[in-house]
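Here's the structure we're looking at; comments come further down.
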Amino acid sequence: MPVPFETLIPYGIIIAMFGVTGAGLNKIKNMASGGKRHRWSLDQWDKQMMDRDRRLTGYLRGQTDNPIAPPGFELNNPWRVERRMS
């Protein structure tokens with residue numbers, strides 16, 4: 001039994017909207033990562049190195065090959081000091 005093509009139009013619209021949404025989210029993640037692919041399965045070491053790279057370059061995924069840190073980096077300490085109960 002044939003299906004009228006008018007019944008398939010809403011399904012095409014729904015599939016197109018899912019595709020547009022997925023492409024938009026992928027583009028936003030790509031732009032947030034500085035043009036690099038999104039990272040998966042980050043452990044503590046990766047997060048620490050990404051934070052260091054952000055403090056060095058200003059970008060979360062940015063990297064530099066300069067062996068000398070920029071001025072002011074020695075005062076940019078990532079360690080959080082906890083308050084001691086006295």
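Just so we're on the same page: first chain in the structure tokens is A, next is B, and so on; residues restart at 1 for each chain, and ligands are numbered from 1 in the order they show up.
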*When DSSP works through the backbone of this structure, what residues of chain A end up as alpha helix (DSSP H), shown as an MDAnalysis selection string?*
chainID A and resid 9:32 44:57
Writer output for current selection, N, CA and C atoms, as a compact mmCIF listing (two decimals), in the first residue's frame:
```
# COMPACT_ATOMS: atom_id res chain seq x y z
N ILE A 9 6.85 14.58 4.79
CA ILE A 9 7.42 15.93 4.92
C ILE A 9 7.76 16.27 6.38
N PRO A 10 6.88 16.01 7.37
CA PRO A 10 7.26 16.33 8.75
C PRO A 10 8.49 15.55 9.23
N TYR A 11 8.61 14.30 8.79
CA TYR A 11 9.79 13.52 9.18
C TYR A 11 11.06 14.11 8.57
N GLY A 12 10.98 14.58 7.36
CA GLY A 12 12.13 15.25 6.73
C GLY A 12 12.51 16.52 7.47
N ILE A 13 11.51 17.29 7.90
CA ILE A 13 11.79 18.51 8.65
C ILE A 13 12.45 18.18 9.99
N ILE A 14 11.95 17.17 10.68
CA ILE A 14 12.52 16.78 11.97
C ILE A 14 13.97 16.34 11.80
N ILE A 15 14.24 15.51 10.80
CA ILE A 15 15.61 15.04 10.58
C ILE A 15 16.52 16.21 10.22
N ALA A 16 16.03 17.16 9.42
CA ALA A 16 16.83 18.33 9.06
C ALA A 16 17.14 19.18 10.29
N MET A 17 16.18 19.35 11.19
CA MET A 17 16.41 20.15 12.39
C MET A 17 17.43 19.49 13.32
N PHE A 18 17.37 18.16 13.44
CA PHE A 18 18.39 17.46 14.23
C PHE A 18 19.77 17.65 13.61
N GLY A 19 19.84 17.60 12.30
CA GLY A 19 21.12 17.79 11.61
C GLY A 19 21.67 19.20 11.81
N VAL A 20 20.80 20.21 11.71
CA VAL A 20 21.24 21.59 11.91
C VAL A 20 21.70 21.80 13.34
N THR A 21 20.97 21.24 14.31
CA THR A 21 21.35 21.38 15.71
C THR A 21 22.69 20.71 15.99
N GLY A 22 22.89 19.51 15.48
CA GLY A 22 24.16 18.81 15.68
C GLY A 22 25.32 19.54 15.05
N ALA A 23 25.13 20.06 13.84
CA ALA A 23 26.20 20.81 13.18
C ALA A 23 26.51 22.10 13.93
N GLY A 24 25.48 22.76 14.46
CA GLY A 24 25.70 23.99 15.22
C GLY A 24 26.46 23.74 16.51
N LEU A 25 26.10 22.69 17.24
CA LEU A 25 26.81 22.36 18.48
C LEU A 25 28.26 21.97 18.19
N ASN A 26 28.48 21.24 17.11
CA ASN A 26 29.84 20.86 16.74
C ASN A 26 30.67 22.10 16.42
N LYS A 27 30.09 23.05 15.72
CA LYS A 27 30.81 24.28 15.37
C LYS A 27 31.13 25.10 16.61
N ILE A 28 30.18 25.18 17.55
CA ILE A 28 30.41 25.94 18.78
C ILE A 28 31.53 25.30 19.61
N LYS A 29 31.52 23.98 19.73
CA LYS A 29 32.60 23.30 20.47
C LYS A 29 33.94 23.49 19.78
N ASN A 30 33.92 23.48 18.46
CA ASN A 30 35.15 23.68 17.70
C ASN A 30 35.69 25.08 17.92
N MET A 31 34.83 26.09 17.92
CA MET A 31 35.27 27.46 18.14
C MET A 31 35.76 27.65 19.58
N ALA A 32 35.10 26.99 20.54
CA ALA A 32 35.51 27.11 21.94
C ALA A 32 36.87 26.46 22.19
N GLN A 44 42.99 14.10 35.26
CA GLN A 44 43.47 15.25 36.04
C GLN A 44 44.71 15.87 35.40
N TRP A 45 45.60 15.04 34.84
CA TRP A 45 46.83 15.56 34.22
C TRP A 45 46.48 16.41 33.01
N ASP A 46 45.56 15.95 32.16
CA ASP A 46 45.17 16.72 30.99
C ASP A 46 44.55 18.05 31.40
N LYS A 47 43.69 18.04 32.42
CA LYS A 47 43.07 19.29 32.87
C LYS A 47 44.12 20.25 33.43
N GLN A 48 45.10 19.71 34.15
CA GLN A 48 46.15 20.55 34.71
C GLN A 48 46.99 21.18 33.59
N MET A 49 47.33 20.40 32.58
CA MET A 49 48.12 20.93 31.47
C MET A 49 47.32 21.93 30.63
N MET A 50 46.02 21.69 30.47
CA MET A 50 45.19 22.64 29.74
C MET A 50 45.06 23.95 30.51
N ASP A 51 44.98 23.88 31.83
CA ASP A 51 44.94 25.10 32.63
C ASP A 51 46.26 25.85 32.53
N ARG A 52 47.36 25.13 32.55
CA ARG A 52 48.68 25.75 32.37
C ARG A 52 48.79 26.42 31.02
N ASP A 53 48.33 25.74 29.97
CA ASP A 53 48.37 26.33 28.63
C ASP A 53 47.48 27.57 28.55
N ARG A 54 46.34 27.55 29.25
CA ARG A 54 45.46 28.72 29.25
C ARG A 54 46.15 29.89 29.94
N ARG A 55 46.87 29.61 31.03
CA ARG A 55 47.56 30.69 31.72
C ARG A 55 48.74 31.21 30.91
N LEU A 56 49.38 30.35 30.11
CA LEU A 56 50.52 30.79 29.30
C LEU A 56 50.08 31.55 28.05
N THR A 57 49.08 31.04 27.35
CA THR A 57 48.73 31.60 26.05
C THR A 57 47.43 32.40 26.04
```
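Closest approach to A:His38 from the set A:Glu6, A:Arg83, A:Asn66, A:Leu60 is made by A:Leu60, with distances taken over only C-alpha atoms.
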